[in-house]
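Quick notes on the structure that follows.
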Amino acid sequence: MTKNIYSNRLPVVQQLREANELSEYPKTVSDKRIILIDKTIAAYGYRRDALLEKLHVAQNIYGYLEKKILLHISEKLKIPPSQVYGVATFYNYFKLKKPGSHAITFCLGTACYVKGAEEILSAVEREFNVKRGETSADGKISIFVTRCVGACAMAPNVIIDDEMIGKATKETVLDKIRSLL
Amino acid sequence: MKPEEIQKIAEIEHDMRMAYKYRIKVCCSSGCIPFGAQKLLKAFEDAVKELGLQNVCKVARTGCVGTCSVAPVVLIDPGNHLYQNVKPEDAKRIVQEHVVNGRILEEFVYKNEAYFSKQYRLVLRNAGKIDPLRIEDYISVGGYSALAKALTQMTPEQVIYEVTVSGLRGRGGAGFPTGQKWNFVAKSTAKPKYVVANLDEGDPGVFANRTLAEADPHAIIEGMTIAAYAVGAEKGYIYIRSEYPLAIQTLKKAIEQAKSYGLIGDNILGSTFNFDIELRLGAGAFVAGEETAILSSIEGLRATPRPRPPYPAVSGLWGKPTLINNVETLANVPLIILNGGAWFSKIGTPKCTGTKCFSLTGKVRNPGLIEVPMGITLKEVVYEIGGGVPEGRKFKAVLVGGPSGGCLPESMLSLPIDYESLTQAGAIMGSGGIVVIDDESCIVDTARFFIDFCMDESCGKCVPCRAGLPKVREILDKIMVGEGTEEDLKVLEELSYLIKDASLCGLGQTAPNPVLTTLNYFKKEYLSHILDGKCPAGKCNIKRMEVVKK
């Protein structure tokens with residue numbers, strides 16, 4: 001267990017924070033959402049092993065994991081920022097960039113791939129000029145790729161803003177996205 | 001709660017259920033919800049109210065029936081009539097005809113008998129029978145009586161003995177004997193001990209564990225609690241993928257209910273045994289399902305595997321003895337305790353007992369979730385249960401065992417499904433994915449797809465896996481645009497064996513399987529790309545190939 005090895009380093013991070021850009025973290029809590037995160041941290045008894053749970057909560061609240069949030073969690077849990085950042089970047093589910101207002105997630109699991117998900121994805125990429133993993137210039141849509149949502153019998157699956165479209169075709173997906181814009 | 005009370009609840013529940021002449025069950029699993037299952041449930045409730053049948057007819061949700069290709073489905077008891085592709089507007093007509101007039105609506109009836117006749121539902125025994133959100137339903141079908149039996153009539157040694165006799169093997173894919181694993185953990189003297197239930201079903205094309213969690217969460221909790229009693233653990237973690245929101249909700253609720261009934265927590269069923277379960281969410285890392293990587297993830301670290309030995313049974317979570325079992329393995333345990341290990345050992349083959357859940361997908365007529373006895377042949381699964389490939393297309397290969405499984409050709413279809421036979425053929429049992437591909441899919445492209453997946457998901461710890469897989473993909477890319485040479489095939493094979501031999505964990509050790517099996521069984525297709533500049537499936541970019549050839 002990595003306990004306590006790093007805890008004596010934390011003051012350095014604090015100094016750094018005060019010295020430079022890191023100071024953007026709101027010392028006076030103007031952002032109420034951060035209180036919600038603090039509450040979760042407290043609910044888990046400041047346990048460091050529940051880091052993933054906290055990142056999940058933070059992403060649910062903010063939509064993505066901003067640097068200042070990662071730093072805040074790192075400070076609260078007394079885990080070095082490098083480790084928090086390392087964990088946040090390791091897992092695909094965590095988003096470190098602000099997503100567009102509509103999230104379009106393509107399942108590229110085996111079943112969806114065999115049934116032609118790739119063709120639908122390329123069509124969407126072409127039509128809206130957004131690459132997978134990126135957000136359109138106007139910030140309206142983001143395209144994500146996931147590996148299997150586990151609804152393989154209805155492959156191919158596309159998730160548009162939490163709504164799942166099973167047995168998707170190029171037309172249904174394009175129409176659905178057009179209707180959102 | 002006392003053991004006798006379980007029996008009492010079961011009786012009351014049974015009477016309550018039987019008070020209704022008709023019971024309408026709407027499948028509300030992830031397979032049916034996108035097709036409007038929740039609206040359908042509401043529509044049936046409204047229809048029953050409208051027709052004033054509240055005292056005759058009960059409407060409830062239930063877990064996955066397995067026929068996901070005709071979603072949403074509705075079951076009507078008595079008689080277990082399965083209605084398919086039901087829309088909310090049909091609800092009233094079905095209630096009117098079936099319940100009031102006693103006439104079965106033929107146009108909605110699911111007619112494919114063969115889909116069910118070859119199946120044997122042990123793990124999914126309650127899927128389609130009970131409401132997964134009610135612990136009382138689970139108790140009414142005999143749930144938690146195995147836990148009561150273990151705690152009141154058996155010693156931990158006897159529990160382990162029964163599991164050993166049953167011949168149950170790990171359903172996560174490796175097939176390690178479960179009894180032996182429990183024994184190792186029980187013998188470790190360090191305290192505290194932990195139990196981890198692995199529900200990180202990351203393999204694309206697999207949804208058996210999710211279905212189990214959505215349909216029968218208490219079977220997992222009961223199995224886990226019995227395991228904890230056997231090995232002497234007081235704390236358990238269920239590690240579940242964050243991509244399964246419904247399964248997470250269902251399990252969360254189930255844990256709360258079990259706690260409020262005193263079936264987990266302190267002094268379970270009046271004994272001195274304490275056990276607590278916590279749910280942990282993954283975050284989209286395939287490697288986190290690996291036995292040691294899952295430990296790192298639960299500890300809040302990057303999910304990288306650890307060298308073994310020491311095995312988790314000796315040094316697992318925070319260096320303490322830890323039992324890690326797949327949820328499907330655990331769901332078998334209550335049955336083994338109730339009916340005895342000897343009963344279980346008669347199902348399947350002598351070396352591979354019991355059943356296995358498979359997600360049957362891809363180009364088959366009846367995709368869905370199936371549970372079959374071990375030893376059944378691939379042919380029976382693909383043709384008899386799956387109904388074969390749709391009209392007009394030709395079967396090409398079946399991918400068994402997920403991204404690190406193998407591609408088996410038609411000639412291998414008589415292979416029985418068990419751990420040894422599959423491994424020998426170059427595939428693996430994996431967590432139970434069977435994907436059928438037809439002549440529209442290119443074999444090289446399929447191999448590349450799997451390598452691409454494993455490359456993405458490689459944690460980066462071992463060089464052969466981290467650096468070798470991109471190299472393999474590069475060669476496959478080259479072949480796909482027609483720039484490959486025969487020499488490349490040799491390098492491909494050599495490299496694959498190197499990655500297999502020199503990687504630490506299961507991901508690296510099995511990642512090259514798709515390449516090796518396709519090279520073995522479908523070399524012709526590779527050669528046709530290389531020598532003739534032609535993709536037999538017409539999938540690869542031929543135009544570009546011709547340019548290259550000129």
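Every chain in the structure tokens has a letter given in the order shown (A, B, ...), and although residue numbers restart at 1 in each chain, ligands are simply numbered from 1 in the order shown.
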Give one line per residue of chain A that approaches chain B to at most 8 Å, naming the two atoms of the closest pair and their distance in Å to one decimal, counting only C-alpha atoms; sort by chain then ascending residue number and deliver it as a Markdown table.
```
| residue | atom | partner | partner_atom | distance |
| --- | --- | --- | --- | --- |
| A:Met1 | CA | B:Trp318 | CA | 6.1 |
| A:Arg48 | CA | B:Gly300 | CA | 6.6 |
| A:Asp49 | CA | B:Gly300 | CA | 4.2 |
| A:Ala50 | CA | B:Gly300 | CA | 5.6 |
| A:Leu51 | CA | B:Gly300 | CA | 5.1 |
| A:Leu52 | CA | B:Gly300 | CA | 5.9 |
| A:Glu53 | CA | B:Leu281 | CA | 6.6 |
| A:Gln83 | CA | B:Leu301 | CA | 7.8 |
| A:Gly86 | CA | B:Arg302 | CA | 7.0 |
| A:Val87 | CA | B:Arg302 | CA | 5.1 |
| A:Phe90 | CA | B:Arg302 | CA | 6.2 |
| A:Tyr91 | CA | B:Ala283 | CA | 5.4 |
| A:Asn92 | CA | B:Gly284 | CA | 5.0 |
| A:Tyr93 | CA | B:Ala283 | CA | 4.9 |
| A:Phe94 | CA | B:Ala283 | CA | 7.0 |
| A:Leu108 | CA | B:Pro204 | CA | 7.9 |
| A:Gly109 | CA | B:Pro204 | CA | 4.4 |
| A:Thr110 | CA | B:Gly205 | CA | 5.2 |
| A:Ala111 | CA | B:Gly362 | CA | 5.1 |
| A:Cys112 | CA | B:Gly362 | CA | 7.9 |
| A:Val114 | CA | B:Gly362 | CA | 6.3 |
| A:Lys115 | CA | B:Gly362 | CA | 6.8 |
| A:Arg147 | CA | B:Pro204 | CA | 5.9 |
| A:Cys148 | CA | B:Pro204 | CA | 4.7 |
| A:Val149 | CA | B:Glu243 | CA | 6.2 |
| A:Gly150 | CA | B:Phe207 | CA | 4.8 |
| A:Ala151 | CA | B:Gly31 | CA | 5.8 |
| A:Cys152 | CA | B:Gly205 | CA | 5.7 |
| A:Ala153 | CA | B:Pro367 | CA | 5.2 |
| A:Met154 | CA | B:Ser69 | CA | 6.4 |
| A:Ala155 | CA | B:Gly362 | CA | 8.0 |
| A:Glu163 | CA | B:Pro34 | CA | 7.6 |
| A:Met164 | CA | B:Pro34 | CA | 5.7 |
| A:Ile165 | CA | B:Pro34 | CA | 6.7 |
| A:Gly166 | CA | B:Pro34 | CA | 6.8 |
```
Practice item. Quick one: everything within 12 Å of A:Ala137, counting only C-alpha atoms, minus sequence neighbours fewer than 4 positions away in the same chain. Send it as a ChimeraX atom specification. Key: /A:99-101,128-131,141-142
How would the residues just chosen look if you wrote them out with N, CA, C and O atoms as a compact mmCIF listing (two decimals), in the first residue's frame?
```txt
# COMPACT_ATOMS: atom_id res chain seq x y z
N PRO A 99 -16.86 17.97 -22.88
CA PRO A 99 -17.58 17.41 -24.02
C PRO A 99 -18.57 18.41 -24.60
O PRO A 99 -18.94 19.38 -23.96
N GLY A 100 -19.00 18.13 -25.83
CA GLY A 100 -20.00 18.98 -26.48
C GLY A 100 -21.36 18.81 -25.82
O GLY A 100 -21.54 17.94 -24.97
N SER A 101 -22.34 19.64 -26.25
CA SER A 101 -23.62 19.58 -25.54
C SER A 101 -24.37 18.28 -25.82
O SER A 101 -25.22 17.87 -25.04
N PHE A 128 -20.78 15.45 -40.07
CA PHE A 128 -20.71 16.55 -39.10
C PHE A 128 -19.29 17.07 -38.88
O PHE A 128 -19.05 17.93 -38.04
N ASN A 129 -18.37 16.49 -39.65
CA ASN A 129 -16.99 16.96 -39.61
C ASN A 129 -16.39 16.92 -38.20
O ASN A 129 -15.77 17.86 -37.73
N VAL A 130 -16.64 15.83 -37.50
CA VAL A 130 -16.04 15.62 -36.18
C VAL A 130 -15.37 14.27 -36.20
O VAL A 130 -15.93 13.31 -36.72
N LYS A 131 -14.18 14.20 -35.63
CA LYS A 131 -13.52 12.90 -35.56
C LYS A 131 -13.90 12.20 -34.24
O LYS A 131 -14.29 12.85 -33.28
N ILE A 141 -21.62 18.81 -30.77
CA ILE A 141 -21.61 17.36 -30.59
C ILE A 141 -20.20 16.81 -30.35
O ILE A 141 -19.22 17.34 -30.87
N SER A 142 -20.16 15.79 -29.54
CA SER A 142 -18.92 15.04 -29.31
C SER A 142 -19.17 13.61 -29.73
O SER A 142 -20.24 13.07 -29.49
```
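Shortest atom-to-atom contact with A:Thr135 among A:Val158, A:Leu121, A:Ala103, A:Leu174: A:Ala103, counting only C-alpha atoms.
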Practice item. Could you give me the residues within chain A that DSSP places in strand (DSSP E), as number ranges by chain? Key: A: 102-107, 141-146, 158-160, 163-165
Selected residues written out with all heavy atoms, as a tab-separated table (two decimals), in the first residue's frame:
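Result went into again-v8.tsv, see below:
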```tsv
chain	number	residue	atom	x	y	z
A	102	HIS	N	-24.08	17.62	-26.96
A	102	HIS	CA	-24.68	16.32	-27.21
A	102	HIS	C	-23.59	15.26	-27.34
A	102	HIS	O	-22.64	15.45	-28.10
A	102	HIS	CB	-25.52	16.33	-28.49
A	102	HIS	CG	-26.66	17.28	-28.41
A	102	HIS	ND1	-27.75	17.05	-27.61
A	102	HIS	CD2	-26.87	18.48	-29.01
A	102	HIS	CE1	-28.59	18.06	-27.74
A	102	HIS	NE2	-28.07	18.95	-28.57
A	103	ALA	N	-23.74	14.20	-26.59
A	103	ALA	CA	-22.74	13.13	-26.65
A	103	ALA	C	-23.28	12.00	-27.51
A	103	ALA	O	-24.37	11.50	-27.28
A	103	ALA	CB	-22.43	12.63	-25.25
A	104	ILE	N	-22.52	11.63	-28.53
A	104	ILE	CA	-22.92	10.51	-29.38
A	104	ILE	C	-21.88	9.42	-29.19
A	104	ILE	O	-20.72	9.58	-29.54
A	104	ILE	CB	-23.02	10.93	-30.84
A	104	ILE	CG1	-24.15	11.95	-30.96
A	104	ILE	CG2	-23.31	9.75	-31.74
A	104	ILE	CD1	-23.84	13.11	-31.79
A	105	THR	N	-22.31	8.33	-28.59
A	105	THR	CA	-21.37	7.26	-28.28
A	105	THR	C	-21.62	6.06	-29.18
A	105	THR	O	-22.74	5.56	-29.25
A	105	THR	CB	-21.51	6.84	-26.82
A	105	THR	OG1	-21.45	8.01	-26.01
A	105	THR	CG2	-20.40	5.90	-26.42
A	106	PHE	N	-20.59	5.65	-29.85
A	106	PHE	CA	-20.69	4.48	-30.72
A	106	PHE	C	-20.11	3.27	-30.02
A	106	PHE	O	-19.03	3.34	-29.47
A	106	PHE	CB	-19.92	4.72	-32.03
A	106	PHE	CG	-20.65	5.59	-32.98
A	106	PHE	CD1	-20.55	6.96	-32.86
A	106	PHE	CD2	-21.44	5.05	-33.97
A	106	PHE	CE1	-21.24	7.79	-33.72
A	106	PHE	CE2	-22.13	5.87	-34.84
A	106	PHE	CZ	-22.03	7.23	-34.71
A	107	CYS	N	-20.86	2.18	-30.05
A	107	CYS	CA	-20.31	0.95	-29.53
A	107	CYS	C	-19.52	0.29	-30.65
A	107	CYS	O	-20.03	0.09	-31.74
A	107	CYS	CB	-21.43	0.02	-29.06
A	107	CYS	SG	-20.78	-1.54	-28.48
A	141	ILE	N	-21.62	18.81	-30.77
A	141	ILE	CA	-21.61	17.36	-30.59
A	141	ILE	C	-20.20	16.81	-30.35
A	141	ILE	O	-19.22	17.34	-30.87
A	141	ILE	CB	-22.25	16.59	-31.78
A	141	ILE	CG1	-21.57	16.94	-33.09
A	141	ILE	CG2	-23.73	16.82	-31.85
A	141	ILE	CD1	-22.01	16.04	-34.24
A	142	SER	N	-20.16	15.79	-29.54
A	142	SER	CA	-18.92	15.04	-29.31
A	142	SER	C	-19.17	13.61	-29.73
A	142	SER	O	-20.24	13.07	-29.49
A	142	SER	CB	-18.54	15.05	-27.85
A	142	SER	OG	-18.16	16.31	-27.45
A	143	ILE	N	-18.17	13.01	-30.33
A	143	ILE	CA	-18.30	11.60	-30.70
A	143	ILE	C	-17.38	10.77	-29.82
A	143	ILE	O	-16.18	11.05	-29.73
A	143	ILE	CB	-17.95	11.38	-32.18
A	143	ILE	CG1	-18.93	12.16	-33.05
A	143	ILE	CG2	-17.99	9.90	-32.52
A	143	ILE	CD1	-18.75	11.94	-34.52
A	144	PHE	N	-17.95	9.82	-29.14
A	144	PHE	CA	-17.16	8.91	-28.32
A	144	PHE	C	-17.27	7.50	-28.86
A	144	PHE	O	-18.26	7.15	-29.51
A	144	PHE	CB	-17.65	8.92	-26.87
A	144	PHE	CG	-17.58	10.27	-26.23
A	144	PHE	CD1	-18.73	11.03	-26.03
A	144	PHE	CD2	-16.36	10.81	-25.86
A	144	PHE	CE1	-18.66	12.28	-25.45
A	144	PHE	CE2	-16.28	12.06	-25.28
A	144	PHE	CZ	-17.44	12.80	-25.07
A	145	VAL	N	-16.26	6.73	-28.57
A	145	VAL	CA	-16.29	5.33	-28.98
A	145	VAL	C	-16.14	4.49	-27.72
A	145	VAL	O	-15.31	4.78	-26.87
A	145	VAL	CB	-15.14	5.04	-29.95
A	145	VAL	CG1	-14.95	3.55	-30.11
A	145	VAL	CG2	-15.42	5.66	-31.29
A	146	THR	N	-17.00	3.50	-27.57
A	146	THR	CA	-16.88	2.65	-26.40
A	146	THR	C	-16.77	1.21	-26.87
A	146	THR	O	-17.16	0.86	-27.97
A	146	THR	CB	-18.07	2.86	-25.44
A	146	THR	OG1	-17.86	2.07	-24.29
A	146	THR	CG2	-19.39	2.47	-26.08
A	158	VAL	N	-25.99	2.61	-30.90
A	158	VAL	CA	-25.47	3.96	-30.79
A	158	VAL	C	-26.21	4.64	-29.64
A	158	VAL	O	-27.43	4.49	-29.53
A	158	VAL	CB	-25.68	4.75	-32.09
A	158	VAL	CG1	-25.11	6.15	-31.98
A	158	VAL	CG2	-25.06	4.03	-33.28
A	159	ILE	N	-25.47	5.31	-28.77
A	159	ILE	CA	-26.13	5.97	-27.66
A	159	ILE	C	-26.06	7.47	-27.90
A	159	ILE	O	-24.98	8.05	-28.03
A	159	ILE	CB	-25.45	5.62	-26.32
A	159	ILE	CG1	-25.43	4.10	-26.15
A	159	ILE	CG2	-26.18	6.27	-25.16
A	159	ILE	CD1	-24.49	3.65	-25.06
A	160	ILE	N	-27.22	8.09	-28.01
A	160	ILE	CA	-27.27	9.54	-28.23
A	160	ILE	C	-27.89	10.18	-27.00
A	160	ILE	O	-29.06	9.95	-26.71
A	160	ILE	CB	-28.07	9.86	-29.50
A	160	ILE	CG1	-27.39	9.20	-30.70
A	160	ILE	CG2	-28.15	11.38	-29.69
A	160	ILE	CD1	-28.07	9.41	-32.02
A	163	GLU	N	-29.79	8.01	-24.67
A	163	GLU	CA	-30.85	7.19	-25.26
A	163	GLU	C	-30.20	6.19	-26.20
A	163	GLU	O	-29.43	6.55	-27.09
A	163	GLU	CB	-31.83	8.07	-26.03
A	163	GLU	CG	-33.05	7.32	-26.48
A	163	GLU	CD	-33.81	8.03	-27.59
A	163	GLU	OE1	-33.73	9.28	-27.65
A	163	GLU	OE2	-34.42	7.35	-28.40
A	164	MET	N	-30.51	4.91	-25.98
A	164	MET	CA	-29.87	3.89	-26.78
A	164	MET	C	-30.67	3.61	-28.04
A	164	MET	O	-31.87	3.42	-28.01
A	164	MET	CB	-29.74	2.62	-25.97
A	164	MET	CG	-29.12	1.51	-26.76
A	164	MET	SD	-27.70	0.83	-25.93
A	164	MET	CE	-28.47	-0.42	-24.99
A	165	ILE	N	-29.96	3.58	-29.17
A	165	ILE	CA	-30.61	3.20	-30.41
A	165	ILE	C	-30.06	1.84	-30.81
A	165	ILE	O	-28.88	1.70	-31.10
A	165	ILE	CB	-30.31	4.23	-31.51
A	165	ILE	CG1	-30.83	5.60	-31.08
A	165	ILE	CG2	-30.94	3.80	-32.83
A	165	ILE	CD1	-30.59	6.68	-32.08
```
Practice item. Just the helix (DSSP H, G or I) stuff from stretch 58-282 of chain B, please, per backbone DSSP, written as a PyMOL selection string. Key: chain B and resi 68-70+88-100+106-108+113-117+135-140+145-153+156-166+178-187+208-215+217-231+245-260+268-270
